[in-house]
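Novice: Supplied structure: start.pdb, PDB, C-alpha atoms, pLDDT in the B column.
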ATOM      1  CA  MET A  73     -46.100  13.722  35.984  1.00 43.00           C
ATOM      2  CA  ALA A  74     -42.622  14.837  34.914  1.00 55.00           C
ATOM      3  CA  LYS A  75     -41.688  18.455  35.486  1.00 62.00           C
ATOM      4  CA  HIS A  76     -39.910  20.338  32.736  1.00 66.00           C
ATOM      5  CA  GLY A  77     -37.632  23.348  32.893  1.00 69.00           C
ATOM      6  CA  LYS A  78     -38.200  26.846  31.540  1.00 75.00           C
ATOM      7  CA  LYS A  79     -36.414  26.133  28.241  1.00 74.00           C
ATOM      8  CA  TYR A  80     -38.620  23.139  27.587  1.00 76.00           C
ATOM      9  CA  ALA A  81     -41.778  25.072  28.467  1.00 74.00           C
ATOM     10  CA  GLU A  82     -40.742  27.924  26.184  1.00 73.00           C
ATOM     11  CA  ALA A  83     -39.977  25.531  23.321  1.00 73.00           C
ATOM     12  CA  ALA A  84     -43.281  23.720  23.784  1.00 71.00           C
ATOM     13  CA  LYS A  85     -45.123  26.939  22.890  1.00 77.00           C
ATOM     14  CA  ASN A  86     -44.046  26.329  19.284  1.00 77.00           C
ATOM     15  CA  VAL A  87     -46.017  23.080  19.101  1.00 85.00           C
ATOM     16  CA  ASN A  88     -49.746  22.445  18.921  1.00 85.00           C
ATOM     17  CA  ALA A  89     -49.982  19.322  21.088  1.00 83.00           C
ATOM     18  CA  GLU A  90     -53.180  18.224  19.328  1.00 87.00           C
ATOM     19  CA  ALA A  91     -51.977  18.738  15.766  1.00 92.00           C
ATOM     20  CA  LEU A  92     -50.440  16.205  13.380  1.00 95.00           C
ATOM     21  CA  TYR A  93     -47.525  17.605  11.389  1.00 95.00           C
ATOM     22  CA  ASP A  94     -46.091  16.424   8.108  1.00 95.00           C
ATOM     23  CA  ALA A  95     -42.506  15.173   8.325  1.00 94.00           C
ATOM     24  CA  ALA A  96     -40.825  18.259   6.884  1.00 94.00           C
ATOM     25  CA  GLU A  97     -42.555  20.665   9.275  1.00 95.00           C
ATOM     26  CA  ALA A  98     -42.047  18.347  12.257  1.00 95.00           C
ATOM     27  CA  VAL A  99     -38.314  18.074  11.619  1.00 96.00           C
ATOM     28  CA  GLU A 100     -37.957  21.840  11.271  1.00 95.00           C
ATOM     29  CA  LEU A 101     -39.765  22.339  14.574  1.00 94.00           C
ATOM     30  CA  VAL A 102     -37.607  19.784  16.354  1.00 96.00           C
ATOM     31  CA  LYS A 103     -34.435  21.432  15.054  1.00 95.00           C
ATOM     32  CA  LYS A 104     -35.702  24.849  16.157  1.00 93.00           C
ATOM     33  CA  MET A 105     -36.477  23.577  19.667  1.00 92.00           C
ATOM     34  CA  ALA A 106     -33.135  21.808  20.169  1.00 92.00           C
ATOM     35  CA  THR A 107     -31.443  24.507  22.224  1.00 89.00           C
ATOM     36  CA  ALA A 108     -29.204  22.454  24.522  1.00 90.00           C
ATOM     37  CA  LYS A 109     -25.487  23.206  24.673  1.00 92.00           C
ATOM     38  CA  PHE A 110     -24.699  19.832  23.083  1.00 94.00           C
ATOM     39  CA  ASP A 111     -25.711  18.386  19.721  1.00 96.00           C
ATOM     40  CA  GLU A 112     -28.966  16.687  20.612  1.00 96.00           C
ATOM     41  CA  THR A 113     -29.999  13.375  19.097  1.00 96.00           C
ATOM     42  CA  VAL A 114     -33.206  13.426  17.070  1.00 97.00           C
ATOM     43  CA  GLU A 115     -35.348  10.402  17.881  1.00 97.00           C
ATOM     44  CA  VAL A 116     -38.566   8.869  16.594  1.00 97.00           C
ATOM     45  CA  ALA A 117     -41.150   6.919  18.589  1.00 97.00           C
ATOM     46  CA  VAL A 118     -43.629   4.859  16.585  1.00 97.00           C
ATOM     47  CA  ARG A 119     -46.633   3.054  18.069  1.00 97.00           C
ATOM     48  CA  LEU A 120     -47.583  -0.024  16.071  1.00 96.00           C
ATOM     49  CA  GLY A 121     -50.877  -1.890  15.920  1.00 95.00           C
ATOM     50  CA  VAL A 122     -49.431  -5.211  17.050  1.00 95.00           C
ATOM     51  CA  ASP A 123     -49.535  -7.263  20.228  1.00 94.00           C
ATOM     52  CA  PRO A 124     -46.000  -7.328  21.670  1.00 92.00           C
ATOM     53  CA  LYS A 125     -46.917 -10.383  23.768  1.00 92.00           C
ATOM     54  CA  LYS A 126     -47.412 -12.514  20.655  1.00 94.00           C
ATOM     55  CA  GLN A 127     -44.321 -13.951  19.010  1.00 92.00           C
ATOM     56  CA  ASP A 128     -45.885 -13.904  15.535  1.00 94.00           C
ATOM     57  CA  GLN A 129     -46.375 -10.132  15.834  1.00 95.00           C
ATOM     58  CA  ALA A 130     -42.834  -9.278  16.885  1.00 91.00           C
ATOM     59  CA  VAL A 131     -41.229  -6.477  14.923  1.00 94.00           C
ATOM     60  CA  ARG A 132     -37.451  -6.418  14.824  1.00 89.00           C
ATOM     61  CA  GLY A 133     -34.911  -5.595  12.171  1.00 90.00           C
ATOM     62  CA  VAL A 134     -32.192  -3.300  10.947  1.00 90.00           C
ATOM     63  CA  VAL A 135     -31.972  -0.390   8.552  1.00 93.00           C
ATOM     64  CA  VAL A 136     -29.030   1.572   7.207  1.00 92.00           C
ATOM     65  CA  LEU A 137     -29.868   5.263   7.529  1.00 95.00           C
ATOM     66  CA  PRO A 138     -28.709   7.049   4.352  1.00 94.00           C
ATOM     67  CA  HIS A 139     -27.002   9.796   6.360  1.00 95.00           C
ATOM     68  CA  GLY A 140     -26.009   7.841   9.453  1.00 92.00           C
ATOM     69  CA  THR A 141     -26.825   8.728  13.035  1.00 93.00           C
ATOM     70  CA  GLY A 142     -24.107  11.292  13.640  1.00 93.00           C
ATOM     71  CA  LYS A 143     -22.422   8.937  16.078  1.00 88.00           C
ATOM     72  CA  THR A 144     -19.442   6.737  15.273  1.00 87.00           C
ATOM     73  CA  LYS A 145     -20.078   3.318  16.762  1.00 91.00           C
ATOM     74  CA  ARG A 146     -17.312   1.270  18.366  1.00 96.00           C
ATOM     75  CA  VAL A 147     -17.487  -2.240  16.952  1.00 97.00           C
ATOM     76  CA  LEU A 148     -16.274  -5.366  18.736  1.00 98.00           C
ATOM     77  CA  VAL A 149     -15.840  -8.490  16.614  1.00 98.00           C
ATOM     78  CA  PHE A 150     -15.551 -11.993  18.008  1.00 98.00           C
ATOM     79  CA  ALA A 151     -13.537 -13.927  15.430  1.00 97.00           C
ATOM     80  CA  LYS A 152     -10.485 -16.136  14.976  1.00 96.00           C
ATOM     81  CA  GLY A 153      -7.740 -16.580  12.397  1.00 96.00           C
ATOM     82  CA  ASP A 154      -8.324 -15.083   8.958  1.00 97.00           C
ATOM     83  CA  LYS A 155     -11.710 -13.666   9.964  1.00 97.00           C
ATOM     84  CA  ALA A 156     -10.071 -11.778  12.828  1.00 97.00           C
ATOM     85  CA  LYS A 157      -7.555 -10.299  10.365  1.00 97.00           C
ATOM     86  CA  GLU A 158     -10.410  -9.429   7.995  1.00 98.00           C
ATOM     87  CA  ALA A 159     -12.270  -7.655  10.808  1.00 98.00           C
ATOM     88  CA  GLU A 160      -9.199  -5.613  11.685  1.00 97.00           C
ATOM     89  CA  ALA A 161      -8.725  -4.631   8.043  1.00 97.00           C
ATOM     90  CA  ALA A 162     -12.409  -3.651   7.782  1.00 97.00           C
ATOM     91  CA  GLY A 163     -12.083  -1.153  10.625  1.00 96.00           C
ATOM     92  CA  ALA A 164     -13.299  -3.009  13.696  1.00 97.00           C
ATOM     93  CA  ASP A 165     -12.336  -1.201  16.883  1.00 97.00           C
ATOM     94  CA  PHE A 166     -11.761  -4.388  18.869  1.00 98.00           C
ATOM     95  CA  VAL A 167     -11.176  -7.947  17.668  1.00 98.00           C
ATOM     96  CA  GLY A 168     -10.639 -11.120  19.659  1.00 97.00           C
ATOM     97  CA  ASP A 169     -12.058 -14.384  20.930  1.00 96.00           C
ATOM     98  CA  ALA A 170     -11.422 -15.849  24.393  1.00 95.00           C
ATOM     99  CA  ASP A 171      -9.473 -12.760  25.440  1.00 96.00           C
ATOM    100  CA  MET A 172     -12.409 -10.456  24.694  1.00 96.00           C
ATOM    101  CA  ILE A 173     -14.890 -12.814  26.320  1.00 96.00           C
ATOM    102  CA  ASN A 174     -12.811 -12.808  29.489  1.00 96.00           C
ATOM    103  CA  LYS A 175     -12.484  -9.021  29.358  1.00 96.00           C
ATOM    104  CA  ILE A 176     -16.266  -8.599  29.229  1.00 97.00           C
ATOM    105  CA  GLN A 177     -16.708 -11.055  32.093  1.00 96.00           C
ATOM    106  CA  GLN A 178     -14.422  -8.751  34.064  1.00 95.00           C
ATOM    107  CA  GLY A 179     -16.784  -5.817  33.436  1.00 95.00           C
ATOM    108  CA  TRP A 180     -15.473  -4.164  30.251  1.00 97.00           C
ATOM    109  CA  PHE A 181     -18.120  -2.649  27.964  1.00 96.00           C
ATOM    110  CA  ASP A 182     -16.381   0.120  26.005  1.00 96.00           C
ATOM    111  CA  PHE A 183     -18.096  -0.749  22.718  1.00 96.00           C
ATOM    112  CA  ASP A 184     -21.450  -0.103  21.060  1.00 95.00           C
ATOM    113  CA  VAL A 185     -22.057  -3.105  18.787  1.00 95.00           C
ATOM    114  CA  CYS A 186     -20.934  -6.762  18.807  1.00 96.00           C
ATOM    115  CA  VAL A 187     -20.400  -8.829  15.686  1.00 97.00           C
ATOM    116  CA  ALA A 188     -19.548 -12.536  15.846  1.00 98.00           C
ATOM    117  CA  THR A 189     -18.744 -15.205  13.302  1.00 98.00           C
ATOM    118  CA  PRO A 190     -21.089 -18.210  13.616  1.00 97.00           C
ATOM    119  CA  ASP A 191     -18.281 -20.494  14.823  1.00 97.00           C
ATOM    120  CA  MET A 192     -17.752 -18.174  17.810  1.00 97.00           C
ATOM    121  CA  MET A 193     -21.345 -18.198  19.046  1.00 97.00           C
ATOM    122  CA  SER A 194     -20.973 -21.250  21.268  1.00 96.00           C
ATOM    123  CA  GLU A 195     -18.397 -19.287  23.258  1.00 95.00           C
ATOM    124  CA  VAL A 196     -20.090 -15.885  22.968  1.00 97.00           C
ATOM    125  CA  GLY A 197     -23.272 -17.535  24.268  1.00 95.00           C
ATOM    126  CA  LYS A 198     -21.629 -17.632  27.688  1.00 93.00           C
ATOM    127  CA  LEU A 199     -22.038 -13.852  27.734  1.00 96.00           C
ATOM    128  CA  GLY A 200     -25.778 -14.051  27.102  1.00 94.00           C
ATOM    129  CA  ARG A 201     -26.805 -12.577  30.425  1.00 93.00           C
ATOM    130  CA  LEU A 202     -24.175  -9.811  30.304  1.00 95.00           C
ATOM    131  CA  LEU A 203     -24.630  -8.788  26.668  1.00 96.00           C
ATOM    132  CA  GLY A 204     -28.344  -9.518  26.418  1.00 92.00           C
ATOM    133  CA  GLY A 205     -29.178  -7.212  29.295  1.00 88.00           C
ATOM    134  CA  LYS A 206     -27.519  -4.347  27.449  1.00 91.00           C
ATOM    135  CA  GLY A 207     -28.952  -5.202  24.040  1.00 88.00           C
ATOM    136  CA  LEU A 208     -25.481  -6.094  22.748  1.00 94.00           C
ATOM    137  CA  MET A 209     -25.837  -9.809  22.020  1.00 95.00           C
ATOM    138  CA  PRO A 210     -24.989 -10.665  18.388  1.00 95.00           C
ATOM    139  CA  ASN A 211     -28.082 -11.773  16.504  1.00 92.00           C
ATOM    140  CA  PRO A 212     -28.513 -13.255  12.996  1.00 92.00           C
ATOM    141  CA  LYS A 213     -31.660 -11.157  12.416  1.00 85.00           C
ATOM    142  CA  ALA A 214     -29.649  -8.007  13.058  1.00 87.00           C
ATOM    143  CA  GLY A 215     -26.887  -9.151  10.721  1.00 91.00           C
ATOM    144  CA  THR A 216     -24.373  -9.322  13.550  1.00 95.00           C
ATOM    145  CA  VAL A 217     -23.807 -13.081  13.392  1.00 97.00           C
ATOM    146  CA  THR A 218     -22.086 -13.570  10.044  1.00 97.00           C
ATOM    147  CA  PHE A 219     -18.928 -14.691   8.311  1.00 97.00           C
ATOM    148  CA  ASP A 220     -19.112 -11.556   6.140  1.00 97.00           C
ATOM    149  CA  VAL A 221     -17.562  -9.360   8.817  1.00 97.00           C
ATOM    150  CA  THR A 222     -16.425  -6.770   6.276  1.00 97.00           C
ATOM    151  CA  LYS A 223     -20.015  -6.076   5.211  1.00 95.00           C
ATOM    152  CA  ALA A 224     -21.304  -6.077   8.795  1.00 95.00           C
ATOM    153  CA  ILE A 225     -18.670  -3.609   9.999  1.00 96.00           C
ATOM    154  CA  GLY A 226     -19.148  -1.402   6.944  1.00 94.00           C
ATOM    155  CA  GLU A 227     -22.914  -1.136   7.444  1.00 93.00           C
ATOM    156  CA  ILE A 228     -22.586  -0.414  11.152  1.00 93.00           C
ATOM    157  CA  LYS A 229     -20.024   2.311  10.535  1.00 92.00           C
ATOM    158  CA  ALA A 230     -22.214   3.732   7.758  1.00 90.00           C
ATOM    159  CA  GLY A 231     -25.186   4.175  10.080  1.00 89.00           C
ATOM    160  CA  LYS A 232     -27.018   0.878  10.447  1.00 91.00           C
ATOM    161  CA  ILE A 233     -29.394   0.859  13.403  1.00 91.00           C
ATOM    162  CA  GLU A 234     -31.433  -1.925  14.946  1.00 89.00           C
ATOM    163  CA  TYR A 235     -35.081  -1.418  15.841  1.00 93.00           C
ATOM    164  CA  ARG A 236     -37.086  -3.617  18.168  1.00 91.00           C
ATOM    165  CA  LEU A 237     -40.638  -3.564  19.496  1.00 93.00           C
ATOM    166  CA  ASP A 238     -40.796  -2.812  23.216  1.00 93.00           C
ATOM    167  CA  ARG A 239     -43.340  -4.107  25.726  1.00 91.00           C
ATOM    168  CA  ALA A 240     -45.604  -1.139  25.081  1.00 93.00           C
ATOM    169  CA  GLY A 241     -45.815  -1.883  21.361  1.00 93.00           C
ATOM    170  CA  GLN A 242     -43.515   0.959  20.376  1.00 96.00           C
ATOM    171  CA  ILE A 243     -40.334   1.365  18.369  1.00 97.00           C
ATOM    172  CA  HIS A 244     -37.791   3.976  19.491  1.00 96.00           C
ATOM    173  CA  ALA A 245     -34.903   4.845  17.189  1.00 96.00           C
ATOM    174  CA  PRO A 246     -32.449   7.688  16.485  1.00 96.00           C
ATOM    175  CA  ILE A 247     -32.486   9.329  13.047  1.00 96.00           C
ATOM    176  CA  GLY A 248     -29.564  11.725  13.415  1.00 96.00           C
ATOM    177  CA  LYS A 249     -28.455  14.855  15.193  1.00 96.00           C
ATOM    178  CA  ALA A 250     -30.095  18.257  15.527  1.00 96.00           C
ATOM    179  CA  SER A 251     -27.143  19.695  13.598  1.00 96.00           C
ATOM    180  CA  PHE A 252     -28.122  17.656  10.512  1.00 97.00           C
ATOM    181  CA  ASP A 253     -29.888  19.662   7.847  1.00 95.00           C
ATOM    182  CA  ALA A 254     -33.623  19.030   7.557  1.00 96.00           C
ATOM    183  CA  VAL A 255     -33.331  17.141   4.266  1.00 96.00           C
ATOM    184  CA  LYS A 256     -30.984  14.534   5.767  1.00 97.00           C
ATOM    185  CA  LEU A 257     -33.191  14.055   8.821  1.00 97.00           C
ATOM    186  CA  ASN A 258     -36.250  13.649   6.612  1.00 96.00           C
ATOM    187  CA  GLU A 259     -34.523  11.068   4.435  1.00 97.00           C
ATOM    188  CA  ASN A 260     -33.381   9.135   7.512  1.00 97.00           C
ATOM    189  CA  LEU A 261     -36.909   9.299   8.920  1.00 97.00           C
ATOM    190  CA  LYS A 262     -38.386   7.987   5.668  1.00 95.00           C
ATOM    191  CA  ALA A 263     -35.850   5.131   5.570  1.00 96.00           C
ATOM    192  CA  LEU A 264     -36.853   4.061   9.085  1.00 96.00           C
ATOM    193  CA  ILE A 265     -40.609   4.258   8.486  1.00 96.00           C
ATOM    194  CA  ASP A 266     -40.263   2.397   5.176  1.00 95.00           C
ATOM    195  CA  ALA A 267     -38.335  -0.341   6.978  1.00 95.00           C
ATOM    196  CA  LEU A 268     -41.057  -0.636   9.634  1.00 96.00           C
ATOM    197  CA  VAL A 269     -43.738  -0.895   6.956  1.00 95.00           C
ATOM    198  CA  ARG A 270     -41.806  -3.684   5.232  1.00 94.00           C
ATOM    199  CA  ALA A 271     -41.429  -5.456   8.580  1.00 94.00           C
ATOM    200  CA  LYS A 272     -45.194  -5.629   9.200  1.00 95.00           C
ATOM    201  CA  PRO A 273     -46.018  -9.098  10.551  1.00 95.00           C
ATOM    202  CA  ALA A 274     -48.514 -11.148   8.548  1.00 94.00           C
ATOM    203  CA  ALA A 275     -50.464 -11.690  11.775  1.00 93.00           C
ATOM    204  CA  ALA A 276     -50.960  -7.959  12.377  1.00 91.00           C
ATOM    205  CA  LYS A 277     -54.556  -6.860  11.801  1.00 90.00           C
ATOM    206  CA  GLY A 278     -56.146  -3.431  11.524  1.00 91.00           C
ATOM    207  CA  VAL A 279     -54.160  -0.195  11.479  1.00 94.00           C
ATOM    208  CA  TYR A 280     -50.437  -0.965  11.640  1.00 95.00           C
ATOM    209  CA  LEU A 281     -48.885   2.500  11.893  1.00 95.00           C
ATOM    210  CA  LYS A 282     -50.954   3.962  14.711  1.00 95.00           C
ATOM    211  CA  SER A 283     -49.002   7.065  15.678  1.00 96.00           C
ATOM    212  CA  ALA A 284     -45.530   8.544  15.699  1.00 97.00           C
ATOM    213  CA  ALA A 285     -43.663  11.487  17.149  1.00 97.00           C
ATOM    214  CA  VAL A 286     -40.251  13.002  16.620  1.00 97.00           C
ATOM    215  CA  SER A 287     -38.232  14.855  19.245  1.00 96.00           C
ATOM    216  CA  SER A 288     -34.734  15.884  20.257  1.00 96.00           C
ATOM    217  CA  THR A 289     -33.010  14.681  23.419  1.00 94.00           C
ATOM    218  CA  MET A 290     -34.132  17.634  25.540  1.00 92.00           C
ATOM    219  CA  GLY A 291     -37.009  19.023  23.491  1.00 91.00           C
ATOM    220  CA  PRO A 292     -40.782  18.496  23.223  1.00 92.00           C
ATOM    221  CA  SER A 293     -42.133  15.877  20.850  1.00 93.00           C
ATOM    222  CA  VAL A 294     -43.961  16.704  17.637  1.00 96.00           C
ATOM    223  CA  LYS A 295     -46.697  14.343  16.444  1.00 96.00           C
ATOM    224  CA  LEU A 296     -46.384  13.067  12.876  1.00 96.00           C
ATOM    225  CA  ASN A 297     -49.166  12.568  10.387  1.00 95.00           C
ATOM    226  CA  VAL A 298     -48.530   8.860   9.816  1.00 92.00           C
ATOM    227  CA  ALA A 299     -51.384   8.622   7.288  1.00 89.00           C
ATOM    228  CA  ALA A 300     -48.863   9.827   4.714  1.00 83.00           C
ATOM    229  CA  TYR A 301     -46.864   6.607   5.178  1.00 79.00           C
ATOM    230  CA  ARG A 302     -49.739   4.128   5.045  1.00 69.00           C
TER     231      ARG A 302
END
Could you show the structure in this file as structure tokens?
Specialist:
Amino acid sequence: MAKHGKKYAEAAKNVNAEALYDAAEAVELVKKMATAKFDETVEVAVRLGVDPKKQDQAVRGVVVLPHGTGKTKRVLVFAKGDKAKEAEAAGADFVGDADMINKIQQGWFDFDVCVATPDMMSEVGKLGRLLGGKGLMPNPKAGTVTFDVTKAIGEIKAGKIEYRLDRAGQIHAPIGKASFDAVKLNENLKALIDALVRAKPAAAKGVYLKSAAVSSTMGPSVKLNVAAYR
């Protein structure tokens, strides 16, 4: 069992571990308990009523948070010719083709998201093991394999996040920073939950949204009353 420090233990006194809180109260509590010297990330963990071992119950997608995540993402675009110029004009941090592929093979990973035009995927596929292990491989379902690089870059910079079911049947995702006001965090939280509800697999049976909790990087988690979202 993990041991927590005095600050965590003191903060935990503000939370009834058995209670289910509505979103507004939960967010306020999380903000109150975020006492680290840095701006903590506020995260949500949602347990879904699906079987992660079954392909037809996989839950994966993207959502643009209305107020972003509070973090500016560095975007790498694999593209050639006019599409490379378009990516540069749209604000991509890094643009290239074979040169960038070689750079990554040499151990460079100073970026947060990869976008690739479809004609580049045969080459980018060579990086499958390197990028896939870090969750950076471009994927059509995430909108990161596209010829519309301007739209892809714009959404990423605006606060698009990708969510994906883990082996335990849970989704973990950031919804902002502790410095955000409560209204913005609540609206980001609602956008994420709404996206998960829309992504419910047809094969999922029974209760889909089983439980959820919100927390800051260093603080205790607060259980949400997910019945309000069903």
Novice: Go through the shown structure with the PyMOL selection byres ((chain A and resi 93) around 10) and write out the matching residues as a list in words.
Specialist: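 Here the PyMOL selection byres ((chain A and resi 93) around 10) matches Val87, Asn88, Glu90, Ala91, Leu92, Asp94, Ala95, Ala96, Glu97, Ala98, Val99, Leu101, Ala285, Val294, Lys295, Leu296, Asn297 and Val298 of chain A.
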Novice: Quick one: residues within 6 Å of region 140-150 of chain A, only C-alpha atoms counted, chain neighbours fewer than 2 positions away excluded, as a list in words?
Specialist: Leu137, Pro138, Ala164, Asp165, Phe166, Val167, Gly168, Asp169, Phe183, Asp184, Val185, Cys186, Val187, Ala188, Ala230, Gly231, Ile247, Gly248 and Lys249 of chain A
Novice: Exactly which residues make up the result of the PyMOL selection byres ((chain A and resi 254-256) around 8) on this file, given as a PyMOL selection string?
Specialist: chain A and resi 96+99-100+103+138-139+252-253+257-260
Novice: Report, in Å with one decimal, the straight-line distance from CA of Pro124 (chain A) to CA of Arg239 (chain A).
Specialist: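 For CA of Pro124 (chain A) relative to CA of Arg239 (chain A), the distance reads 5.8 Å.
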Novice: If I put a ball of radius 9 Å at (-37.4, -5.6, 18.9) in the file's coordinates, which residues poke into it when counting all atoms listed in the file, written as a ChimeraX atom specification?
Specialist: /A:130-133,234-238,243
Novice: Between CA of Lys79 (chain A) and CA of Val116 (chain A), what is the distance in Å, rounded to a tenth?
Specialist: 20.9 Å
Novice: One decimal, in Å: what's the spacing between CA of Ser287 (chain A) and CA of Lys229 (chain A)?
Specialist: 23.8 Å
Novice: Which residue is closest to Ala108 (chain A)? Choose from A:Ala83, A:Arg270, A:Met193, A:Lys213 and count all atoms listed in the file.
Specialist: A:Ala83
Novice: Assuming the chain letters and numbering stay as they are in my file, what does the PyMOL selection byres ((chain A and resi 215) around 9) actually select? List them as a VMD selection string.
Specialist: chain A and resid 133 to 134 187 210 to 214 216 to 218 224
Novice: Need the axis-aligned box for region 81-87 of chain A with 4 Å each side, so what are the centre and edges in Å to one decimal, as JSON?
Specialist:
{"center_x": -43.0, "center_y": 25.5, "center_z": 23.8, "size_x": 14.0, "size_y": 12.8, "size_z": 17.4}
Novice: Kindly indicate which residue among A:Glu112, A:Gly241, A:Pro246, A:Pro292 lies nearest to Gln129 (chain A), using only C-alpha atoms for the distances.
Specialist: A:Gly241
Novice: Rank A:Gly278, A:Gly204, A:Gly226, A:Pro190 by their smallest atom-to-atom distance to Ala162 (chain A), using only C-alpha atoms, and report the top residue only.
Specialist: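 Distance minimum relative to Ala162 (chain A) lands on A:Gly226.
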Novice: Write out as a list in words the residues lying within 7 Å of Gln242 (chain A), counting all atoms listed in the file and excluding same-chain residues fewer than 2 positions away.
Specialist: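 Answer for this query is Ala117, Val118, Arg119, Leu120, Leu237, Asp238, Ala240 and His244 of chain A.
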